[in-house]
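Text of final_25.txt, listed as compact mmCIF, C-alpha atoms:
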# COMPACT_ATOMS: atom_id res chain seq x y z
CA MET A 12 204.39 129.51 145.23
CA LYS A 13 205.36 126.13 143.85
CA ALA A 14 203.06 123.14 143.41
CA LEU A 15 203.69 119.62 142.19
CA PHE A 16 200.65 117.97 140.66
CA ILE A 17 200.74 114.19 140.48
CA GLY A 18 198.46 113.62 137.53
CA GLY A 19 197.14 117.01 136.52
CA THR A 20 195.57 116.21 133.15
CA GLY A 21 192.42 114.34 134.22
CA THR A 22 188.72 115.20 134.44
CA ILE A 23 189.03 117.01 137.76
CA SER A 24 192.67 118.02 137.87
CA ALA A 25 193.02 119.80 134.51
CA ASP A 26 190.78 122.70 135.55
CA VAL A 27 192.49 122.87 138.96
CA VAL A 28 195.89 123.16 137.27
CA GLU A 29 194.61 125.85 134.90
CA LEU A 30 193.11 127.96 137.68
CA ALA A 31 196.19 127.60 139.90
CA GLN A 32 198.37 128.78 137.05
CA GLN A 33 196.07 131.75 136.43
CA ARG A 34 196.47 132.70 140.09
CA GLY A 35 200.24 132.77 139.83
CA TRP A 36 201.29 129.31 140.96
CA GLU A 37 204.44 127.79 139.48
CA ILE A 38 203.22 124.35 138.40
CA THR A 39 205.16 121.16 137.82
CA LEU A 40 203.31 118.10 136.56
CA LEU A 41 204.54 114.63 137.42
CA ASN A 42 203.11 112.02 135.09
CA ARG A 43 204.07 109.44 132.52
CA GLY A 44 204.04 111.96 129.67
CA SER A 45 201.24 110.27 127.76
CA ARG A 46 199.19 113.48 127.43
CA LYS A 47 200.06 116.90 126.04
CA LEU A 48 200.92 119.35 128.82
CA PRO A 49 199.51 122.87 129.10
CA GLU A 50 201.86 125.66 128.08
CA GLY A 51 204.15 127.23 130.63
CA MET A 52 204.38 124.23 132.94
CA ARG A 53 207.36 122.21 134.00
CA SER A 54 207.19 118.47 133.67
CA ILE A 55 208.70 115.50 135.47
CA ILE A 56 208.28 112.39 133.36
CA ALA A 57 208.02 109.48 135.77
CA ASP A 58 205.60 106.83 136.97
CA ILE A 59 204.56 107.64 140.54
CA HIS A 60 204.53 103.89 141.23
CA ASP A 61 208.28 103.80 140.57
CA GLU A 62 209.29 105.19 143.96
CA GLU A 63 213.01 105.08 143.31
CA ALA A 64 212.73 107.00 140.03
CA VAL A 65 210.46 109.65 141.57
CA ALA A 66 212.71 110.05 144.60
CA LYS A 67 215.66 110.67 142.28
CA ALA A 68 213.67 113.15 140.18
CA VAL A 69 212.67 115.30 143.19
CA THR A 70 215.96 115.03 145.11
CA ASP A 71 216.69 118.76 144.87
CA GLU A 72 213.06 119.93 144.83
CA SER A 73 210.73 121.35 147.46
CA TYR A 74 207.14 122.49 147.11
CA ASP A 75 204.54 124.55 148.89
CA VAL A 76 201.92 122.01 147.77
CA VAL A 77 202.00 118.44 146.49
CA ALA A 78 198.62 117.73 144.90
CA GLN A 79 197.94 114.00 144.59
CA PHE A 80 195.13 113.10 142.17
CA ILE A 81 195.95 109.47 141.34
CA ALA A 82 196.45 107.73 144.70
CA TYR A 83 193.81 105.15 145.57
CA THR A 84 195.09 102.91 148.35
CA ALA A 85 196.83 102.98 151.71
CA GLU A 86 199.98 101.69 150.01
CA ASP A 87 199.89 104.61 147.55
CA VAL A 88 199.85 107.24 150.28
CA GLU A 89 202.41 105.41 152.43
CA ARG A 90 204.77 105.72 149.45
CA ASP A 91 203.91 109.41 149.10
CA ILE A 92 204.65 110.05 152.78
CA ARG A 93 208.10 108.56 152.28
CA LEU A 94 208.67 110.62 149.12
CA PHE A 95 207.38 114.01 150.26
CA ARG A 96 207.64 114.07 154.05
CA ASP A 97 210.39 116.72 153.99
CA LYS A 98 209.62 118.22 150.59
CA THR A 99 206.24 119.91 150.95
CA LYS A 100 204.38 122.25 153.27
CA GLN A 101 201.05 120.70 152.27
CA TYR A 102 200.00 117.40 150.73
CA ILE A 103 196.46 117.38 149.29
CA PHE A 104 194.90 113.96 148.79
CA ILE A 105 191.89 113.42 146.54
CA SER A 106 189.59 111.00 148.34
CA SER A 107 185.92 110.45 147.46
CA ALA A 108 182.53 111.46 148.83
CA SER A 109 181.48 107.86 148.16
CA ALA A 110 183.44 107.05 151.32
CA TYR A 111 180.64 108.54 153.41
CA GLN A 112 178.33 106.20 155.31
CA LYS A 113 176.22 103.86 153.17
CA PRO A 114 173.37 103.54 153.79
CA LEU A 115 173.17 107.05 155.18
CA ALA A 116 171.70 107.66 158.61
CA ASP A 117 170.90 111.22 157.49
CA TYR A 118 170.73 112.50 153.93
CA ARG A 119 172.55 115.70 154.92
CA ILE A 120 176.27 115.05 154.63
CA THR A 121 178.93 116.96 156.52
CA GLU A 122 182.63 116.21 156.85
CA SER A 123 181.77 114.55 160.18
CA THR A 124 179.51 111.97 158.55
CA PRO A 125 181.06 108.55 159.29
CA LEU A 126 183.25 106.94 156.65
CA VAL A 127 181.99 103.41 155.97
CA ASN A 128 180.99 101.77 152.71
CA PRO A 129 180.35 98.00 152.78
CA TYR A 130 179.34 97.97 149.11
CA TRP A 131 182.32 99.40 147.23
CA GLN A 132 185.97 98.38 147.51
CA TYR A 133 187.05 101.61 145.79
CA SER A 134 185.57 103.61 148.66
CA ARG A 135 187.08 101.34 151.30
CA HIS A 136 190.52 101.84 149.75
CA LYS A 137 190.03 105.61 149.92
CA ILE A 138 188.97 105.36 153.59
CA ALA A 139 192.07 103.30 154.40
CA ALA A 140 194.26 105.86 152.64
CA GLU A 141 192.67 108.68 154.66
CA GLU A 142 193.35 106.79 157.89
CA VAL A 143 197.04 106.40 157.03
CA LEU A 144 197.36 110.08 156.22
CA MET A 145 195.58 111.31 159.33
CA ALA A 146 197.70 108.99 161.50
CA ALA A 147 200.81 110.50 159.91
CA TYR A 148 199.48 114.00 160.62
CA ARG A 149 198.78 113.16 164.26
CA THR A 150 202.06 111.35 164.95
CA THR A 151 204.63 113.17 162.79
CA GLY A 152 202.90 116.33 161.62
CA PHE A 153 202.68 115.28 157.98
CA PRO A 154 200.80 118.29 156.48
CA VAL A 155 197.83 116.57 154.89
CA THR A 156 194.60 118.05 153.55
CA ILE A 157 191.89 115.65 152.35
CA VAL A 158 189.46 116.60 149.59
CA ARG A 159 186.37 114.48 148.87
CA PRO A 160 184.79 115.21 145.48
CA SER A 161 181.38 113.84 144.65
CA HIS A 162 180.21 113.39 141.03
CA THR A 163 182.44 115.93 139.25
CA TYR A 164 182.41 116.31 135.45
CA ASN A 165 184.14 118.57 132.92
CA GLY A 166 181.37 119.16 130.39
CA THR A 167 182.48 116.66 127.75
CA LYS A 168 179.90 114.01 128.65
CA PRO A 169 176.64 114.25 130.61
CA PRO A 170 176.81 112.33 133.90
CA VAL A 171 174.46 109.35 134.22
CA SER A 172 173.80 106.86 137.00
CA LEU A 173 175.04 103.78 135.17
CA HIS A 174 176.81 103.04 131.92
CA GLY A 175 178.99 100.40 130.33
CA ASN A 176 182.73 100.12 129.89
CA ASN A 177 182.83 102.42 126.86
CA GLY A 178 181.44 105.54 128.49
CA ASN A 179 178.19 107.48 128.40
CA TRP A 180 177.36 107.69 124.70
CA GLN A 181 175.27 104.51 124.60
CA ILE A 182 172.80 106.06 127.06
CA LEU A 183 172.32 109.04 124.76
CA LYS A 184 172.01 106.69 121.79
CA ARG A 185 169.25 104.73 123.53
CA ILE A 186 167.35 107.97 124.13
CA LEU A 187 167.82 108.98 120.48
CA ASP A 188 166.57 105.55 119.37
CA GLY A 189 163.54 105.61 121.68
CA LYS A 190 164.74 102.56 123.61
CA PRO A 191 164.09 102.05 127.33
CA VAL A 192 166.65 103.86 129.47
CA ILE A 193 167.34 102.32 132.88
CA ILE A 194 167.05 104.63 135.88
CA PRO A 195 167.88 102.96 139.21
CA GLY A 196 165.11 102.82 141.82
CA ASP A 197 162.13 105.05 141.14
CA GLY A 198 164.40 107.91 140.05
CA SER A 199 163.36 110.16 142.94
CA SER A 200 166.61 110.05 144.96
CA LEU A 201 168.59 113.29 144.95
CA TRP A 202 172.00 113.60 143.35
CA THR A 203 174.63 116.32 142.99
CA LEU A 204 176.72 117.13 139.92
CA THR A 205 179.61 119.58 140.20
CA HIS A 206 181.39 121.10 137.21
CA SER A 207 185.17 120.79 137.39
CA ARG A 208 185.59 124.55 136.89
CA ASP A 209 183.53 125.16 140.03
CA PHE A 210 185.35 122.41 141.92
CA ALA A 211 188.65 124.07 141.03
CA LYS A 212 187.70 127.26 142.88
CA GLY A 213 187.34 125.39 146.14
CA TYR A 214 190.44 123.27 145.62
CA VAL A 215 192.79 126.13 144.70
CA GLY A 216 191.45 128.09 147.68
CA LEU A 217 192.73 125.32 149.95
CA MET A 218 196.23 125.39 148.46
CA ALA A 219 198.71 126.94 150.93
CA ASN A 220 195.81 127.67 153.27
CA PRO A 221 197.13 127.01 156.79
CA HIS A 222 193.62 126.33 158.12
CA ALA A 223 193.30 123.39 155.74
CA ILE A 224 196.11 121.34 157.27
CA GLY A 225 194.84 118.28 159.14
CA ASN A 226 191.32 118.75 157.81
CA ALA A 227 188.99 117.09 155.30
CA PHE A 228 186.63 118.91 152.95
CA HIS A 229 184.08 117.94 150.37
CA ILE A 230 183.71 120.35 147.46
CA THR A 231 180.36 120.21 145.65
CA THR A 232 177.58 122.40 144.44
CA ASP A 233 174.70 123.10 146.84
CA GLU A 234 172.22 122.14 144.12
CA SER A 235 170.46 118.79 143.86
CA MET A 236 168.31 117.12 141.21
CA THR A 237 166.53 113.78 141.14
CA TRP A 238 167.79 111.19 138.70
CA ASN A 239 164.48 111.53 136.87
CA GLN A 240 165.18 115.24 136.41
CA ILE A 241 168.75 114.56 135.29
CA TYR A 242 167.68 112.07 132.62
CA GLN A 243 164.77 114.25 131.51
CA THR A 244 167.15 117.19 131.07
CA ILE A 245 169.41 115.03 128.90
CA ALA A 246 166.46 113.84 126.80
CA ASP A 247 165.19 117.40 126.37
CA ALA A 248 168.64 118.51 125.23
CA LEU A 249 168.55 115.71 122.65
CA GLY A 250 165.08 116.77 121.56
CA LYS A 251 163.66 113.32 122.23
CA PRO A 252 161.11 111.86 124.69
CA LEU A 253 162.50 109.88 127.60
CA ASN A 254 161.44 106.24 127.74
CA ALA A 255 162.35 105.73 131.38
CA LEU A 256 162.58 102.24 132.83
CA HIS A 257 162.80 102.20 136.62
CA VAL A 258 164.58 99.15 138.01
CA ALA A 259 165.46 98.39 141.63
CA SER A 260 169.13 99.09 142.34
CA ASP A 261 169.68 95.80 144.15
CA PHE A 262 168.25 93.95 141.13
CA LEU A 263 170.73 95.76 138.87
CA ALA A 264 173.54 95.00 141.31
CA ARG A 265 172.69 91.28 141.37
CA HIS A 266 172.51 91.02 137.60
CA GLY A 267 175.21 93.49 136.59
CA GLU A 268 177.38 90.65 135.26
CA ASN A 269 180.53 92.46 134.05
CA TYR A 270 179.68 95.73 135.81
CA ASP A 271 180.22 96.69 139.44
CA PHE A 272 176.78 98.16 140.04
CA ARG A 273 176.80 96.93 143.63
CA GLY A 274 179.56 99.43 144.31
CA GLU A 275 178.57 102.19 141.91
CA LEU A 276 174.86 102.11 142.81
CA LEU A 277 174.38 100.71 146.32
CA GLY A 278 177.70 102.21 147.39
CA ASP A 279 177.18 105.57 145.71
CA LYS A 280 174.62 106.78 143.19
CA ALA A 281 171.50 105.07 144.55
CA ALA A 282 171.75 107.05 147.79
CA THR A 283 170.24 110.49 148.19
CA VAL A 284 173.04 112.96 148.85
CA VAL A 285 172.78 116.58 149.97
CA PHE A 286 176.11 118.12 150.93
CA ASP A 287 176.63 120.79 153.56
CA ASN A 288 179.45 122.91 152.09
CA SER A 289 179.72 125.40 154.94
CA LYS A 290 183.20 124.15 155.92
CA ILE A 291 184.82 124.81 152.54
CA LYS A 292 183.01 128.16 152.29
CA ARG A 293 184.44 129.29 155.62
CA LEU A 294 187.97 128.78 154.34
CA VAL A 295 187.35 129.79 150.72
CA PRO A 296 184.84 132.67 150.69
CA ASP A 297 184.87 132.96 146.88
CA PHE A 298 183.81 129.33 146.42
CA ILE A 299 180.55 129.79 144.50
CA CYS A 300 179.31 127.31 141.91
CA THR A 301 178.19 129.21 138.83
CA THR A 302 177.34 126.31 136.47
CA SER A 303 173.88 125.00 137.25
CA MET A 304 173.29 121.30 136.93
CA ALA A 305 170.76 121.77 134.13
CA ASP A 306 173.05 124.07 132.13
CA GLY A 307 176.00 121.75 132.66
CA LEU A 308 174.02 118.75 131.45
CA ARG A 309 172.80 120.59 128.35
CA GLN A 310 176.32 121.79 127.53
CA ALA A 311 177.71 118.27 127.93
CA VAL A 312 175.04 116.81 125.62
CA GLN A 313 175.85 119.41 122.97
CA TYR A 314 179.55 118.66 123.30
CA MET A 315 179.01 114.96 122.61
CA LEU A 316 176.70 115.68 119.69
CA SER A 317 179.25 118.03 118.12
CA HIS A 318 182.27 115.77 118.76
CA PRO A 319 181.75 112.45 116.93
CA GLU A 320 184.99 111.10 118.40
CA THR A 321 183.26 110.93 121.79
CA GLN A 322 180.42 108.80 120.45
CA THR A 323 181.86 105.38 121.29
CA PRO A 324 179.34 102.56 120.75
CA ASP A 325 178.92 99.97 123.50
CA PRO A 326 176.99 97.02 122.03
CA GLU A 327 177.66 94.83 125.07
CA PHE A 328 176.08 97.35 127.45
CA ASP A 329 173.26 98.02 125.00
CA SER A 330 172.47 94.30 124.88
CA TRP A 331 172.54 94.09 128.68
CA CYS A 332 170.06 96.98 128.90
CA ASP A 333 167.76 95.20 126.44
CA ARG A 334 167.89 92.05 128.57
CA ILE A 335 166.99 93.99 131.70
CA ALA A 336 164.11 95.67 129.85
CA ASP A 337 162.87 92.30 128.59
CA ALA A 338 162.99 90.91 132.14
CA MET A 339 160.88 93.81 133.43
CA CYS A 340 158.38 93.33 130.62
CA ALA A 341 158.16 89.61 131.40
CA ALA A 342 157.41 90.40 135.03
CA ASP A 343 154.63 92.73 133.96
CA ARG A 344 153.15 90.12 131.63
CA ALA A 345 153.23 87.48 134.39
CA PHE A 346 150.93 89.60 136.53
CA GLU A 347 148.76 90.83 133.67
CA SER A 348 148.00 87.24 132.60
CA LYS A 349 146.38 86.41 135.95
Write-out of the structure in structure tokens:
Amino acid sequence: MKALFIGGTGTISADVVELAQQRGWEITLLNRGSRKLPEGMRSIIADIHDEEAVAKAVTDESYDVVAQFIAYTAEDVERDIRLFRDKTKQYIFISSASAYQKPLADYRITESTPLVNPYWQYSRHKIAAEEVLMAAYRTTGFPVTIVRPSHTYNGTKPPVSLHGNNGNWQILKRILDGKPVIIPGDGSSLWTLTHSRDFAKGYVGLMANPHAIGNAFHITTDESMTWNQIYQTIADALGKPLNALHVASDFLARHGENYDFRGELLGDKAATVVFDNSKIKRLVPDFICTTSMADGLRQAVQYMLSHPETQTPDPEFDSWCDRIADAMCAADRAFESK
């Protein structure tokens, strides 16, 4: 069985590629060649946005699966339909669980939950791409499968609800320094974190699965934790107390300045999410998540602590957090003085 992975070296896709190879797939990676490729894999060095170059590179190729991990817009998938219409038996598009209805009418999310997100352009682009693909399936039989990951991580950094442009380390540094750590809302909303190794089991089980054609699936753990529990687990792994500062999500969105917290919070992480994974489990019986959220968080903290190269300072974000904390303290003082 032959698969072409567009991307294939990212947070989610690397473990998918590894598992597919272990299960006997012949893998070709199409990317710009900026990252080292795993052993035993073919490579096509091209930029997927250069349609002419990609078309030339795959002229004599055909695949059982084309796995697209780096398409984000309707225009991206329209290009892919032109490129792979007659070259694959299945095209798997990575969408996003953030595309599901915000605000939710029901916290339990199935694949039938409406797709609408007025807060985040990223999600609206993914919805538009899904619509193009499903229209192509209905009108021409284009063999699409849609996969909607939620918050998926690979164990190299602990997931958090908000961070700056330089990654997650500054949150851990604030905990280590005893500084206030912002948690959106009151921290009691439920969230789901899925390890990429667990995600890969569901994804690879959909590859060349005839029942997956024309269908959409989210692939997540069944477990949930509150954001308070997530941050407390991180602090415990660091061996430090958590100085939690709860701030309304809409306040953070209004005053995010250089950060898109309207999209990332109101359009995603501020909402309670509990996923019903019965659909993926019907098609992939061995899809079982074996990395608990708490263990995954602890492992990710230890990875960052033991890999100094991941500890990228973010003074701009740190300063912004201090300003938010000062604003909350000023509000408290205004009431206490009366």
(message) Between A:Asn128, A:Asn226, A:Ser109, A:Ser134, which residue has the minimum interatomic distance to A:Val155, considering all atoms listed in the file?
(response) A:Asn226
(request) To one decimal in Å, tell me the separation between atom CA of A:Tyr242 and atom CA of A:Gln310. (result) 14.0 Å
(message) One decimal, in Å: what's the spacing between atom CA of A:Glu89 and atom CA of A:Thr163?
(response) 26.1 Å
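The spacing separating atom CA of A:Gln322 from atom CA of A:Leu183 amounts to 9.2 Å.
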(request) Find the residue from A:Ser123, A:Ser73, A:Ser303, A:Gln79 that sits nearest to A:Ile103; use only C-alpha atoms when measuring. (result) A:Gln79
(message) List the spatial neighbours of A:Thr84 as a list in words - criterion: any atom at most 7 Å away, all atoms listed in the file, same-chain residues fewer than 3 positions off excluded.
(response) Asp87, Val88, His136, Lys137, Ala139 and Ala140 of chain A
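Excluding stretch 245-259 of chain A and any residue on its chain fewer than 5 positions from it, the residues at most 7 Å away by only C-alpha atoms are Ile186, Leu187, Gly189, Lys190, Pro191, Val192, Ile193, Ile194, Pro195, Gly196, Asp197, Gly198, Leu308, Arg309 and Val312 of chain A.
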(message) Here is a test: counting all atoms listed in the file, which residue of A:Arg90, A:Arg53, A:Arg344, A:Arg159 is nearest to A:Thr121?
(response) A:Arg159
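Nearest to A:Gln313 of all the residues A:Lys168, A:His222, A:Arg34, A:Lys290 is A:Lys168, based on only C-alpha atoms.
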(request) Give me the residues within 7 Å of A:Asn165 as an NGL selection string, counting all atoms listed in the file and dropping any in the same chain fewer than 2 places off. (result) :A and (22 or 167 or 206-207)
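Residues of protein, DNA and RNA with at least one atom no farther than 6 Å from (171.7, 115.2, 147.4) are, using only C-alpha atoms, Leu201, Trp202, Thr203, Ser235, Thr283, Val284 and Val285 of chain A.
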Just want the 10 Å neighbourhood of stretch 293-295 of chain A, counted on all atoms listed in the file, with same-chain residues fewer than 3 positions away dropped. Output as a PDB file with C-alpha atoms, keeping the file's coordinate frame.
ATOM      1  CA  LYS A 212     187.700 127.260 142.880  1.00  0.00           C
ATOM      2  CA  GLY A 213     187.340 125.390 146.140  1.00  0.00           C
ATOM      3  CA  TYR A 214     190.440 123.270 145.620  1.00  0.00           C
ATOM      4  CA  VAL A 215     192.790 126.130 144.700  1.00  0.00           C
ATOM      5  CA  GLY A 216     191.450 128.090 147.680  1.00  0.00           C
ATOM      6  CA  LEU A 217     192.730 125.320 149.950  1.00  0.00           C
ATOM      7  CA  ASN A 220     195.810 127.670 153.270  1.00  0.00           C
ATOM      8  CA  PRO A 221     197.130 127.010 156.790  1.00  0.00           C
ATOM      9  CA  HIS A 222     193.620 126.330 158.120  1.00  0.00           C
ATOM     10  CA  ALA A 223     193.300 123.390 155.740  1.00  0.00           C
ATOM     11  CA  ASN A 288     179.450 122.910 152.090  1.00  0.00           C
ATOM     12  CA  SER A 289     179.720 125.400 154.940  1.00  0.00           C
ATOM     13  CA  LYS A 290     183.200 124.150 155.920  1.00  0.00           C
ATOM     14  CA  PHE A 298     183.810 129.330 146.420  1.00  0.00           C
ATOM     15  CA  ILE A 299     180.550 129.790 144.500  1.00  0.00           C
TER      16      ILE A 299
END
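Distance cut-off 10 Å, centre (184.0, 113.0, 123.1), atoms counted only C-alpha atoms; the residues meeting this are Gly166, Thr167, Lys168, Gly178, Asn179, Trp180, Ala311, Tyr314, Met315, Leu316, Ser317, His318, Pro319, Glu320, Thr321, Gln322 and Thr323 of chain A.
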(request) Rank nothing, just name the residue among A:Arg93, A:Ala345, A:Gln101, A:Leu15 nearest to A:Ala219, using all atoms listed in the file. (result) A:Gln101
(request) For stretch 113-117 of chain A, please output as a ChimeraX atom specification all residues within 12 Å (counting only C-alpha atoms; exclusion window: fewer than 4 positions along the same chain). (result) /A:108-109,121,123-131,134-135,273-287
(message) Using all atoms listed in the file for the distances, tell me which of A:Ile81, A:Ile105, A:Leu204, A:Ile59 is nearest to A:Thr20.
(response) A:Ile81
For stretch 240-250 of chain A, supply all heavy atoms and format the output as a CSV table (one decimal), keeping the file's coordinate frame.
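Below you can see out14.csv, which holds the result:
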chain,number,residue,atom,x,y,z
A,240,GLN,N,165.0,113.9,137.0
A,240,GLN,CA,165.2,115.2,136.4
A,240,GLN,C,166.5,115.3,135.6
A,240,GLN,O,166.5,115.9,134.5
A,240,GLN,CB,165.3,116.3,137.5
A,240,GLN,CG,164.0,116.5,138.2
A,240,GLN,CD,164.1,117.4,139.5
A,240,GLN,OE1,165.1,117.3,140.2
A,240,GLN,NE2,163.2,118.3,139.7
A,241,ILE,N,167.5,114.6,136.0
A,241,ILE,CA,168.8,114.6,135.3
A,241,ILE,C,168.5,113.9,133.9
A,241,ILE,O,168.9,114.5,132.9
A,241,ILE,CB,169.8,113.8,136.1
A,241,ILE,CG1,170.2,114.6,137.3
A,241,ILE,CG2,171.0,113.5,135.2
A,241,ILE,CD1,171.1,113.9,138.3
A,242,TYR,N,167.9,112.8,133.9
A,242,TYR,CA,167.7,112.1,132.6
A,242,TYR,C,166.7,112.8,131.7
A,242,TYR,O,166.9,112.9,130.5
A,242,TYR,CB,167.2,110.6,132.9
A,242,TYR,CG,168.3,109.7,133.1
A,242,TYR,CD1,168.8,109.5,134.4
A,242,TYR,CD2,168.9,108.9,132.1
A,242,TYR,CE1,169.9,108.6,134.7
A,242,TYR,CE2,169.9,108.0,132.4
A,242,TYR,CZ,170.4,107.9,133.7
A,242,TYR,OH,171.4,107.0,133.9
A,243,GLN,N,165.7,113.5,132.3
A,243,GLN,CA,164.8,114.2,131.5
A,243,GLN,C,165.5,115.4,130.9
A,243,GLN,O,165.2,115.8,129.7
A,243,GLN,CB,163.6,114.7,132.4
A,243,GLN,CG,162.5,115.4,131.6
A,243,GLN,CD,161.9,114.4,130.6
A,243,GLN,OE1,161.3,113.4,130.9
A,243,GLN,NE2,161.9,114.8,129.3
A,244,THR,N,166.4,116.1,131.6
A,244,THR,CA,167.2,117.2,131.1
A,244,THR,C,168.0,116.7,129.9
A,244,THR,O,168.1,117.4,128.9
A,244,THR,CB,168.0,117.8,132.2
A,244,THR,OG1,167.2,118.3,133.2
A,244,THR,CG2,168.8,119.0,131.6
A,245,ILE,N,168.6,115.6,130.0
A,245,ILE,CA,169.4,115.0,128.9
A,245,ILE,C,168.5,114.8,127.7
A,245,ILE,O,168.9,115.1,126.6
A,245,ILE,CB,170.1,113.7,129.3
A,245,ILE,CG1,171.2,114.1,130.4
A,245,ILE,CG2,170.8,113.0,128.1
A,245,ILE,CD1,171.8,112.8,131.1
A,246,ALA,N,167.4,114.1,127.9
A,246,ALA,CA,166.5,113.8,126.8
A,246,ALA,C,166.0,115.1,126.1
A,246,ALA,O,165.9,115.2,124.9
A,246,ALA,CB,165.3,113.0,127.3
A,247,ASP,N,165.6,116.1,126.9
A,247,ASP,CA,165.2,117.4,126.4
A,247,ASP,C,166.3,118.0,125.5
A,247,ASP,O,166.0,118.6,124.5
A,247,ASP,CB,164.8,118.4,127.5
A,247,ASP,CG,163.5,117.9,128.2
A,247,ASP,OD1,162.8,117.1,127.7
A,247,ASP,OD2,163.2,118.5,129.3
A,248,ALA,N,167.5,117.9,126.0
A,248,ALA,CA,168.6,118.5,125.2
A,248,ALA,C,168.8,117.8,123.9
A,248,ALA,O,169.3,118.4,122.9
A,248,ALA,CB,169.9,118.5,126.1
A,249,LEU,N,168.5,116.5,123.9
A,249,LEU,CA,168.6,115.7,122.6
A,249,LEU,C,167.3,115.9,121.8
A,249,LEU,O,167.3,115.5,120.6
A,249,LEU,CB,168.7,114.2,123.0
A,249,LEU,CG,170.0,113.8,123.6
A,249,LEU,CD1,169.9,112.3,124.1
A,249,LEU,CD2,171.2,113.9,122.6
A,250,GLY,N,166.3,116.6,122.3
A,250,GLY,CA,165.1,116.8,121.6
A,250,GLY,C,164.3,115.5,121.4
A,250,GLY,O,163.5,115.4,120.4
